[in-house]
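**Q** Just one file: target_0.txt, with compact mmCIF, N, CA and C atoms.
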# COMPACT_ATOMS: atom_id res chain seq x y z
N MET Y 1 -56.05 82.23 119.81
CA MET Y 1 -54.63 82.00 119.79
C MET Y 1 -54.12 81.60 121.18
N PHE Y 2 -54.65 82.28 122.19
CA PHE Y 2 -54.22 82.00 123.56
C PHE Y 2 -54.54 80.55 123.94
N ARG Y 3 -55.70 80.07 123.48
CA ARG Y 3 -56.13 78.70 123.81
C ARG Y 3 -55.16 77.68 123.20
N ILE Y 4 -54.71 77.91 122.00
CA ILE Y 4 -53.81 76.96 121.33
C ILE Y 4 -52.47 76.90 122.06
N THR Y 5 -51.94 78.07 122.44
CA THR Y 5 -50.65 78.04 123.14
C THR Y 5 -50.79 77.41 124.52
N GLN Y 6 -51.91 77.66 125.18
CA GLN Y 6 -52.14 77.05 126.49
C GLN Y 6 -52.22 75.53 126.36
N LEU Y 7 -52.92 75.06 125.35
CA LEU Y 7 -53.05 73.62 125.11
C LEU Y 7 -51.69 73.00 124.78
N ALA Y 8 -50.87 73.71 124.00
CA ALA Y 8 -49.55 73.19 123.65
C ALA Y 8 -48.66 73.10 124.89
N ARG Y 9 -48.74 74.10 125.78
CA ARG Y 9 -47.91 74.08 126.99
C ARG Y 9 -48.33 72.95 127.92
N THR Y 10 -49.64 72.73 128.12
CA THR Y 10 -50.08 71.67 129.04
C THR Y 10 -49.74 70.30 128.47
N THR Y 11 -49.85 70.14 127.16
CA THR Y 11 -49.51 68.87 126.53
C THR Y 11 -48.02 68.60 126.65
N ALA Y 12 -47.23 69.62 126.41
CA ALA Y 12 -45.78 69.45 126.51
C ALA Y 12 -45.36 69.17 127.95
N ALA Y 13 -46.04 69.78 128.89
CA ALA Y 13 -45.70 69.58 130.30
C ALA Y 13 -46.02 68.16 130.74
N ARG Y 14 -47.10 67.61 130.22
CA ARG Y 14 -47.46 66.24 130.58
C ARG Y 14 -46.60 65.22 129.85
N GLY Y 15 -46.09 65.58 128.73
CA GLY Y 15 -45.26 64.66 127.97
C GLY Y 15 -46.05 63.60 127.23
N VAL Y 16 -47.33 63.86 126.95
CA VAL Y 16 -48.16 62.91 126.20
C VAL Y 16 -48.77 63.62 125.01
N ARG Y 17 -49.21 62.83 124.06
CA ARG Y 17 -49.87 63.40 122.90
C ARG Y 17 -51.28 63.82 123.27
N SER Y 18 -51.86 64.72 122.50
CA SER Y 18 -53.17 65.24 122.84
C SER Y 18 -54.31 64.38 122.31
N TYR Y 19 -54.04 63.41 121.47
CA TYR Y 19 -55.10 62.53 120.99
C TYR Y 19 -54.96 61.16 121.66
N SER Y 20 -56.05 60.42 121.65
CA SER Y 20 -56.09 59.19 122.41
C SER Y 20 -55.55 58.02 121.60
N SER Y 21 -54.68 57.26 122.23
CA SER Y 21 -54.22 56.02 121.62
C SER Y 21 -54.43 54.87 122.58
N GLU Y 22 -55.32 55.09 123.55
CA GLU Y 22 -55.54 54.08 124.58
C GLU Y 22 -56.23 52.83 124.03
N LEU Y 23 -56.94 52.97 122.92
CA LEU Y 23 -57.63 51.81 122.37
C LEU Y 23 -56.65 50.74 121.91
N TRP Y 24 -55.45 51.14 121.52
CA TRP Y 24 -54.50 50.20 120.97
C TRP Y 24 -53.68 49.48 122.04
N THR Y 25 -53.99 49.71 123.29
CA THR Y 25 -53.35 48.96 124.36
C THR Y 25 -54.25 47.81 124.73
N ARG Y 26 -53.74 46.84 125.47
CA ARG Y 26 -54.57 45.70 125.89
C ARG Y 26 -55.71 46.16 126.79
N GLU Y 27 -55.40 47.11 127.69
CA GLU Y 27 -56.43 47.58 128.60
C GLU Y 27 -57.52 48.35 127.85
N GLY Y 28 -57.09 49.17 126.88
CA GLY Y 28 -58.06 49.92 126.09
C GLY Y 28 -58.93 49.00 125.26
N TYR Y 29 -58.34 47.98 124.67
CA TYR Y 29 -59.11 47.02 123.88
C TYR Y 29 -60.09 46.27 124.76
N ALA Y 30 -59.64 45.85 125.96
CA ALA Y 30 -60.53 45.13 126.87
C ALA Y 30 -61.67 46.02 127.34
N ALA Y 31 -61.37 47.31 127.60
CA ALA Y 31 -62.42 48.24 128.01
C ALA Y 31 -63.43 48.46 126.89
N ALA Y 32 -62.97 48.59 125.66
CA ALA Y 32 -63.88 48.78 124.53
C ALA Y 32 -64.74 47.54 124.32
N LYS Y 33 -64.15 46.37 124.49
CA LYS Y 33 -64.89 45.13 124.33
C LYS Y 33 -65.97 45.00 125.41
N GLU Y 34 -65.64 45.37 126.64
CA GLU Y 34 -66.62 45.32 127.73
C GLU Y 34 -67.74 46.33 127.51
N HIS Y 35 -67.37 47.51 127.02
CA HIS Y 35 -68.39 48.52 126.73
C HIS Y 35 -69.33 48.02 125.62
N ALA Y 36 -68.79 47.41 124.60
CA ALA Y 36 -69.61 46.87 123.51
C ALA Y 36 -70.53 45.77 124.03
N ARG Y 37 -70.01 44.92 124.89
CA ARG Y 37 -70.82 43.83 125.46
C ARG Y 37 -71.99 44.39 126.27
N SER Y 38 -71.72 45.41 127.07
CA SER Y 38 -72.81 45.99 127.87
C SER Y 38 -73.82 46.71 126.98
N ALA Y 39 -73.36 47.35 125.91
CA ALA Y 39 -74.28 48.02 124.99
C ALA Y 39 -75.17 47.00 124.28
N VAL Y 40 -74.60 45.88 123.89
CA VAL Y 40 -75.39 44.83 123.24
C VAL Y 40 -76.45 44.30 124.20
N GLU Y 41 -76.08 44.07 125.45
CA GLU Y 41 -77.04 43.57 126.44
C GLU Y 41 -78.16 44.59 126.66
N THR Y 42 -77.81 45.87 126.70
CA THR Y 42 -78.83 46.91 126.88
C THR Y 42 -79.83 46.90 125.73
N TRP Y 43 -79.34 46.84 124.49
CA TRP Y 43 -80.24 46.87 123.35
C TRP Y 43 -81.03 45.58 123.21
N LYS Y 44 -80.47 44.46 123.66
CA LYS Y 44 -81.24 43.21 123.67
C LYS Y 44 -82.43 43.34 124.61
N LYS Y 45 -82.18 43.90 125.80
CA LYS Y 45 -83.26 44.08 126.77
C LYS Y 45 -84.31 45.04 126.26
N ILE Y 46 -83.87 46.14 125.64
CA ILE Y 46 -84.83 47.10 125.09
C ILE Y 46 -85.67 46.44 124.00
N SER Y 47 -85.03 45.66 123.15
CA SER Y 47 -85.76 44.99 122.07
C SER Y 47 -86.76 43.98 122.60
N LEU Y 48 -86.34 43.18 123.57
CA LEU Y 48 -87.21 42.12 124.07
C LEU Y 48 -88.32 42.62 124.98
N PHE Y 49 -88.01 43.60 125.83
CA PHE Y 49 -88.98 44.00 126.85
C PHE Y 49 -89.73 45.27 126.52
N VAL Y 50 -89.34 46.00 125.46
CA VAL Y 50 -90.05 47.21 125.08
C VAL Y 50 -90.60 47.08 123.66
N ALA Y 51 -89.74 46.83 122.69
CA ALA Y 51 -90.16 46.86 121.29
C ALA Y 51 -91.09 45.69 120.95
N LEU Y 52 -90.74 44.50 121.36
CA LEU Y 52 -91.56 43.34 121.03
C LEU Y 52 -92.96 43.42 121.64
N PRO Y 53 -93.10 43.73 122.95
CA PRO Y 53 -94.45 43.88 123.49
C PRO Y 53 -95.23 45.03 122.84
N ALA Y 54 -94.54 46.12 122.50
CA ALA Y 54 -95.23 47.23 121.84
C ALA Y 54 -95.78 46.78 120.48
N CYS Y 55 -95.00 46.02 119.72
CA CYS Y 55 -95.48 45.52 118.43
C CYS Y 55 -96.67 44.59 118.59
N VAL Y 56 -96.62 43.73 119.59
CA VAL Y 56 -97.73 42.81 119.83
C VAL Y 56 -98.99 43.58 120.22
N ILE Y 57 -98.86 44.56 121.11
CA ILE Y 57 -100.03 45.34 121.55
C ILE Y 57 -100.62 46.12 120.39
N TYR Y 58 -99.78 46.82 119.63
CA TYR Y 58 -100.29 47.59 118.50
C TYR Y 58 -100.85 46.69 117.41
N GLY Y 59 -100.27 45.53 117.21
CA GLY Y 59 -100.82 44.58 116.25
C GLY Y 59 -102.20 44.10 116.66
N TYR Y 60 -102.40 43.82 117.95
CA TYR Y 60 -103.70 43.40 118.46
C TYR Y 60 -104.73 44.50 118.26
N VAL Y 61 -104.38 45.73 118.61
CA VAL Y 61 -105.32 46.85 118.48
C VAL Y 61 -105.69 47.07 117.02
N ALA Y 62 -104.70 47.03 116.13
CA ALA Y 62 -104.97 47.25 114.70
C ALA Y 62 -105.83 46.13 114.13
N THR Y 63 -105.56 44.89 114.52
CA THR Y 63 -106.36 43.77 114.03
C THR Y 63 -107.80 43.88 114.51
N LYS Y 64 -107.97 44.23 115.78
CA LYS Y 64 -109.32 44.38 116.33
C LYS Y 64 -110.09 45.47 115.59
N ASP Y 65 -109.45 46.61 115.36
CA ASP Y 65 -110.12 47.70 114.64
C ASP Y 65 -110.44 47.31 113.20
N GLU Y 66 -109.54 46.60 112.55
CA GLU Y 66 -109.79 46.19 111.17
C GLU Y 66 -110.93 45.18 111.09
N LEU Y 67 -111.00 44.27 112.03
CA LEU Y 67 -112.11 43.31 112.04
C LEU Y 67 -113.44 44.00 112.29
N GLU Y 68 -113.46 45.02 113.14
CA GLU Y 68 -114.69 45.80 113.35
C GLU Y 68 -115.09 46.52 112.06
N HIS Y 69 -114.11 47.05 111.34
CA HIS Y 69 -114.37 47.74 110.09
C HIS Y 69 -114.94 46.78 109.04
N ILE Y 70 -114.38 45.59 108.95
CA ILE Y 70 -114.88 44.59 107.99
C ILE Y 70 -116.30 44.18 108.36
N HIS Y 71 -116.56 44.00 109.65
CA HIS Y 71 -117.91 43.63 110.10
C HIS Y 71 -118.91 44.73 109.72
N HIS Y 72 -118.51 45.98 109.87
CA HIS Y 72 -119.37 47.11 109.50
C HIS Y 72 -119.64 47.11 107.99
N LEU Y 73 -118.61 46.85 107.19
CA LEU Y 73 -118.79 46.84 105.73
C LEU Y 73 -119.70 45.72 105.27
N GLU Y 74 -119.68 44.58 105.97
CA GLU Y 74 -120.55 43.47 105.58
C GLU Y 74 -122.02 43.82 105.81
N HIS Y 75 -122.32 44.58 106.86
CA HIS Y 75 -123.71 44.91 107.17
C HIS Y 75 -124.17 46.20 106.51
N ASP Y 76 -123.26 47.10 106.20
CA ASP Y 76 -123.62 48.36 105.57
C ASP Y 76 -122.63 48.66 104.45
N PRO Y 77 -122.78 48.00 103.29
CA PRO Y 77 -121.81 48.20 102.20
C PRO Y 77 -121.88 49.62 101.65
N PRO Y 78 -120.81 50.09 101.06
CA PRO Y 78 -120.82 51.45 100.49
C PRO Y 78 -121.76 51.51 99.28
N LYS Y 79 -122.40 52.64 99.12
CA LYS Y 79 -123.33 52.83 98.00
C LYS Y 79 -122.54 53.23 96.76
N PHE Y 80 -122.88 52.64 95.64
CA PHE Y 80 -122.19 52.95 94.40
C PHE Y 80 -122.90 54.09 93.70
N ILE Y 81 -122.11 55.12 93.32
CA ILE Y 81 -122.63 56.23 92.54
C ILE Y 81 -121.92 56.16 91.19
N GLY Y 82 -122.67 55.97 90.13
CA GLY Y 82 -122.09 55.75 88.81
C GLY Y 82 -121.72 57.03 88.09
N TYR Y 83 -120.64 57.66 88.50
CA TYR Y 83 -120.17 58.85 87.79
C TYR Y 83 -119.65 58.42 86.42
N PRO Y 84 -119.76 59.31 85.41
CA PRO Y 84 -119.38 58.91 84.05
C PRO Y 84 -117.88 58.63 83.87
N TYR Y 85 -117.04 59.17 84.73
CA TYR Y 85 -115.60 58.96 84.57
C TYR Y 85 -115.11 57.69 85.28
N LEU Y 86 -115.99 56.98 85.96
CA LEU Y 86 -115.60 55.73 86.63
C LEU Y 86 -115.75 54.55 85.69
N HIS Y 87 -114.88 53.58 85.82
CA HIS Y 87 -114.94 52.32 85.08
C HIS Y 87 -114.91 52.52 83.57
N VAL Y 88 -114.11 53.46 83.10
CA VAL Y 88 -113.93 53.68 81.67
C VAL Y 88 -112.95 52.63 81.18
N ARG Y 89 -113.38 51.78 80.26
CA ARG Y 89 -112.51 50.74 79.70
C ARG Y 89 -112.53 50.85 78.19
N ARG Y 90 -111.41 51.20 77.60
CA ARG Y 90 -111.30 51.24 76.15
C ARG Y 90 -111.00 49.85 75.60
N SER Y 91 -110.35 49.05 76.43
CA SER Y 91 -110.11 47.65 76.07
C SER Y 91 -110.09 46.86 77.37
N LYS Y 92 -110.20 45.56 77.27
CA LYS Y 92 -110.21 44.73 78.46
C LYS Y 92 -108.84 44.72 79.11
N LEU Y 93 -108.81 44.60 80.44
CA LEU Y 93 -107.55 44.51 81.16
C LEU Y 93 -106.90 43.17 80.87
N PRO Y 94 -105.57 43.09 80.87
CA PRO Y 94 -104.89 41.85 80.47
C PRO Y 94 -104.85 40.76 81.54
N TYR Y 95 -105.60 40.91 82.61
CA TYR Y 95 -105.57 39.90 83.68
C TYR Y 95 -106.97 39.69 84.21
N GLY Y 96 -107.17 38.56 84.82
CA GLY Y 96 -108.47 38.25 85.43
C GLY Y 96 -109.59 38.21 84.41
N ASP Y 97 -110.74 38.76 84.79
CA ASP Y 97 -111.88 38.77 83.88
C ASP Y 97 -111.84 39.95 82.91
N GLY Y 98 -110.85 40.82 83.03
CA GLY Y 98 -110.70 41.94 82.10
C GLY Y 98 -111.43 43.20 82.54
N GLU Y 99 -112.25 43.12 83.58
CA GLU Y 99 -113.02 44.27 84.05
C GLU Y 99 -112.53 44.81 85.39
N HIS Y 100 -111.86 43.98 86.18
CA HIS Y 100 -111.45 44.39 87.52
C HIS Y 100 -109.92 44.43 87.62
N THR Y 101 -109.42 45.42 88.36
CA THR Y 101 -107.98 45.53 88.57
C THR Y 101 -107.53 44.45 89.56
N PRO Y 102 -106.22 44.21 89.68
CA PRO Y 102 -105.76 43.20 90.63
C PRO Y 102 -106.07 43.56 92.08
N PHE Y 103 -106.32 44.85 92.36
CA PHE Y 103 -106.58 45.28 93.72
C PHE Y 103 -108.07 45.39 94.03
N TRP Y 104 -108.91 44.96 93.13
CA TRP Y 104 -110.35 45.06 93.33
C TRP Y 104 -110.78 44.08 94.41
N ASN Y 105 -111.57 44.58 95.35
CA ASN Y 105 -112.06 43.79 96.47
C ASN Y 105 -113.57 43.89 96.49
N PRO Y 106 -114.30 42.79 96.38
CA PRO Y 106 -115.75 42.87 96.29
C PRO Y 106 -116.39 43.41 97.58
N LEU Y 107 -115.70 43.34 98.69
CA LEU Y 107 -116.26 43.85 99.94
C LEU Y 107 -116.18 45.37 100.00
N VAL Y 108 -115.12 45.95 99.47
CA VAL Y 108 -114.90 47.39 99.59
C VAL Y 108 -115.26 48.12 98.30
N ASN Y 109 -114.95 47.52 97.14
CA ASN Y 109 -115.20 48.17 95.86
C ASN Y 109 -116.49 47.62 95.26
N PRO Y 110 -117.53 48.44 95.18
CA PRO Y 110 -118.78 47.94 94.60
C PRO Y 110 -118.64 47.72 93.09
N ASP Y 111 -119.37 46.76 92.60
CA ASP Y 111 -119.35 46.41 91.18
C ASP Y 111 -120.52 47.10 90.50
N PRO Y 112 -120.27 47.92 89.47
CA PRO Y 112 -121.38 48.65 88.84
C PRO Y 112 -122.39 47.73 88.16
N GLU Y 113 -121.96 46.56 87.70
CA GLU Y 113 -122.91 45.64 87.07
C GLU Y 113 -123.89 45.08 88.08
N GLU Y 114 -123.47 44.90 89.31
CA GLU Y 114 -124.35 44.35 90.34
C GLU Y 114 -125.37 45.38 90.81
N GLU Y 115 -125.03 46.66 90.72
CA GLU Y 115 -125.90 47.73 91.21
C GLU Y 115 -127.05 48.02 90.25
N ASP Y 116 -126.89 47.69 88.98
CA ASP Y 116 -127.94 48.02 87.98
C ASP Y 116 -129.18 47.22 88.17
Rewrite the structure of this file - the entire thing - as structure tokens.
**A**
Amino acid sequence: MFRITQLARTTAARGVRSYSSELWTREGYAAAKEHARSAVETWKKISLFVALPACVIYGYVATKDELEHIHHLEHDPPKFIGYPYLHVRRSKLPYGDGEHTPFWNPLVNPDPEEED
């Protein structure tokens, strides 16, 4: 309670309202516009000099690792173990040759017909 009365007395003594209306003046509008301009410049610099190089570096590292992984799979393909619950087809699939899903990759997913 004491804080509210103290705030009311200081506001009344100054003769101004306690909330800001400075934005609606020409100077307030110009200051807000300048602040926005500087914020935009800051984020442009962060985007160009931090985010973009980071994306390029991480993209290079990921591509290099993926190419090493593909090279490894070409020389040492995964061994197929024919568990009875794998490749159960009650009817042919409605796309492709009817035996492989759209995500089937011959490099990563072994074909049970080729292993026999």
**Q** Work out how far apart atom CA of Y:Glu74 and atom CA of Y:Asn105 are and give it in Å to one decimal.
**A**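 Atom-to-atom, atom CA of Y:Glu74 to atom CA of Y:Asn105, that is 12.5 Å.
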**Q** Work out how far atom CA of Y:Pro106 is from atom CA of Y:Pro77, in Å to one decimal.
**A**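 Value for the atom CA of Y:Pro77-atom CA of Y:Pro106 distance: 10.0 Å.
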**Q** Would you please work out which residue, of Y:Val40, Y:Leu107, Y:Val88, Y:Leu93, is nearest to Y:Leu73 when using all atoms listed in the file?
**A**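 That would be Y:Leu107, the residue with the smallest distance to Y:Leu73.
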**Q** For Y:Val108, which residue out of Y:Leu48, Y:Ala39, Y:Ile70, Y:Cys55 is the nearest one, using only C-alpha atoms?
**A**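 Using only C-alpha atoms, Y:Val108 sits closest to Y:Ile70.
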**Q** Quick one: pull the distance between atom N of Y:Gly82 and atom CA of Y:Pro110, Å, one decimal.
**A**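 Atom N of Y:Gly82 sits 10.0 Å away from atom CA of Y:Pro110.
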**Q** When DSSP is applied to the backbone of this structure, which of stretch 7-110 of chain Y are assigned alpha helix (DSSP H)? Write them out as a VMD selection string.
**A** chain Y and resid 7 to 14 26 to 46 52 to 75
**Q** With all atoms of stretch 58-63 of chain Y from the file as input, state the centre and edge lengths in Å to one decimal of the axis-aligned box that has 6 Å extra on each side, as lines of an AutoDock Vina configuration file.
**A**
center_x = -103.8
center_y = 45.5
center_z = 116.8
size_x = 20.0
size_y = 16.2
size_z = 17.6
**Q** I need the residue nearest Y:Asn109 from this list: Y:Trp43, Y:Tyr29, Y:Tyr95, Y:Phe80. Use all atoms listed in the file for the distance.
**A**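 The answer is Y:Phe80, which sits nearest to Y:Asn109.
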**Q** If I only want stretch 35-108 of chain Y, can you write it with C-alpha atoms, as a PDB file, in the first residue's frame?
**A**
ATOM      1  CA  HIS Y  35      16.409   1.338 -32.972  1.00  0.00           C
ATOM      2  CA  ALA Y  36      14.642  -0.961 -35.450  1.00  0.00           C
ATOM      3  CA  ARG Y  37      17.178  -0.090 -38.157  1.00  0.00           C
ATOM      4  CA  SER Y  38      20.099  -0.932 -35.873  1.00  0.00           C
ATOM      5  CA  ALA Y  39      18.443  -4.192 -34.787  1.00  0.00           C
ATOM      6  CA  VAL Y  40      17.937  -5.212 -38.412  1.00  0.00           C
ATOM      7  CA  GLU Y  41      21.590  -4.473 -39.198  1.00  0.00           C
ATOM      8  CA  THR Y  42      22.703  -6.516 -36.186  1.00  0.00           C
ATOM      9  CA  TRP Y  43      20.651  -9.558 -37.214  1.00  0.00           C
ATOM     10  CA  LYS Y  44      21.796  -9.241 -40.826  1.00  0.00           C
ATOM     11  CA  LYS Y  45      25.408  -9.399 -39.655  1.00  0.00           C
ATOM     12  CA  ILE Y  46      24.702 -12.339 -37.361  1.00  0.00           C
ATOM     13  CA  SER Y  47      22.959 -14.184 -40.191  1.00  0.00           C
ATOM     14  CA  LEU Y  48      25.663 -13.517 -42.763  1.00  0.00           C
ATOM     15  CA  PHE Y  49      28.779 -13.908 -40.635  1.00  0.00           C
ATOM     16  CA  VAL Y  50      27.696 -16.549 -38.103  1.00  0.00           C
ATOM     17  CA  ALA Y  51      24.714 -18.599 -39.277  1.00  0.00           C
ATOM     18  CA  LEU Y  52      25.605 -18.966 -42.951  1.00  0.00           C
ATOM     19  CA  PRO Y  53      29.231 -20.079 -42.362  1.00  0.00           C
ATOM     20  CA  ALA Y  54      28.056 -22.459 -39.628  1.00  0.00           C
ATOM     21  CA  CYS Y  55      25.572 -24.065 -42.042  1.00  0.00           C
ATOM     22  CA  VAL Y  56      28.239 -24.414 -44.721  1.00  0.00           C
ATOM     23  CA  ILE Y  57      30.755 -25.967 -42.287  1.00  0.00           C
ATOM     24  CA  TYR Y  58      28.238 -28.405 -40.817  1.00  0.00           C
ATOM     25  CA  GLY Y  59      26.975 -29.283 -44.288  1.00  0.00           C
ATOM     26  CA  TYR Y  60      30.528 -30.083 -45.415  1.00  0.00           C
ATOM     27  CA  VAL Y  61      31.183 -32.254 -42.346  1.00  0.00           C
ATOM     28  CA  ALA Y  62      27.885 -34.122 -42.722  1.00  0.00           C
ATOM     29  CA  THR Y  63      28.439 -34.713 -46.450  1.00  0.00           C
ATOM     30  CA  LYS Y  64      31.964 -35.981 -45.844  1.00  0.00           C
ATOM     31  CA  ASP Y  65      30.771 -38.389 -43.137  1.00  0.00           C
ATOM     32  CA  GLU Y  66      27.890 -39.622 -45.286  1.00  0.00           C
ATOM     33  CA  LEU Y  67      30.180 -40.269 -48.253  1.00  0.00           C
ATOM     34  CA  GLU Y  68      32.524 -42.265 -45.990  1.00  0.00           C
ATOM     35  CA  HIS Y  69      29.536 -44.273 -44.771  1.00  0.00           C
ATOM     36  CA  ILE Y  70      28.391 -45.009 -48.337  1.00  0.00           C
ATOM     37  CA  HIS Y  71      31.930 -46.049 -49.301  1.00  0.00           C
ATOM     38  CA  HIS Y  72      31.992 -48.431 -46.320  1.00  0.00           C
ATOM     39  CA  LEU Y  73      28.626 -49.944 -47.291  1.00  0.00           C
ATOM     40  CA  GLU Y  74      29.805 -50.564 -50.862  1.00  0.00           C
ATOM     41  CA  HIS Y  75      32.797 -52.599 -49.643  1.00  0.00           C
ATOM     42  CA  ASP Y  76      31.154 -54.277 -46.647  1.00  0.00           C
ATOM     43  CA  PRO Y  77      27.386 -54.616 -47.239  1.00  0.00           C
ATOM     44  CA  PRO Y  78      25.149 -55.595 -44.320  1.00  0.00           C
ATOM     45  CA  LYS Y  79      24.462 -59.308 -43.934  1.00  0.00           C
ATOM     46  CA  PHE Y  80      20.867 -60.372 -44.412  1.00  0.00           C
ATOM     47  CA  ILE Y  81      19.334 -62.579 -41.720  1.00  0.00           C
ATOM     48  CA  GLY Y  82      16.034 -64.046 -42.900  1.00  0.00           C
ATOM     49  CA  TYR Y  83      13.836 -63.855 -39.829  1.00  0.00           C
ATOM     50  CA  PRO Y  84      10.340 -65.277 -40.447  1.00  0.00           C
ATOM     51  CA  TYR Y  85       8.578 -61.974 -39.675  1.00  0.00           C
ATOM     52  CA  LEU Y  86      10.516 -60.032 -42.336  1.00  0.00           C
ATOM     53  CA  HIS Y  87       9.169 -59.467 -45.852  1.00  0.00           C
ATOM     54  CA  VAL Y  88       5.703 -60.867 -45.116  1.00  0.00           C
ATOM     55  CA  ARG Y  89       3.533 -60.043 -48.141  1.00  0.00           C
ATOM     56  CA  ARG Y  90      -0.088 -61.131 -48.222  1.00  0.00           C
ATOM     57  CA  SER Y  91      -0.540 -59.300 -51.511  1.00  0.00           C
ATOM     58  CA  LYS Y  92       1.707 -57.335 -53.820  1.00  0.00           C
ATOM     59  CA  LEU Y  93       2.381 -53.687 -53.012  1.00  0.00           C
ATOM     60  CA  PRO Y  94       0.501 -51.249 -55.300  1.00  0.00           C
ATOM     61  CA  TYR Y  95       3.670 -49.551 -56.591  1.00  0.00           C
ATOM     62  CA  GLY Y  96       6.906 -50.497 -58.269  1.00  0.00           C
ATOM     63  CA  ASP Y  97       7.572 -54.204 -58.660  1.00  0.00           C
ATOM     64  CA  GLY Y  98       5.178 -55.035 -55.795  1.00  0.00           C
ATOM     65  CA  GLU Y  99       7.899 -56.430 -53.510  1.00  0.00           C
ATOM     66  CA  HIS Y 100       9.804 -53.324 -52.390  1.00  0.00           C
ATOM     67  CA  THR Y 101       8.558 -50.267 -50.503  1.00  0.00           C
ATOM     68  CA  PRO Y 102       9.142 -46.774 -51.947  1.00  0.00           C
ATOM     69  CA  PHE Y 103      11.951 -46.292 -49.406  1.00  0.00           C
ATOM     70  CA  TRP Y 104      13.825 -49.459 -50.319  1.00  0.00           C
ATOM     71  CA  ASN Y 105      17.473 -48.795 -51.140  1.00  0.00           C
ATOM     72  CA  PRO Y 106      19.543 -51.616 -52.658  1.00  0.00           C
ATOM     73  CA  LEU Y 107      22.713 -50.293 -51.014  1.00  0.00           C
ATOM     74  CA  VAL Y 108      21.342 -50.309 -47.460  1.00  0.00           C
TER      75      VAL Y 108
END
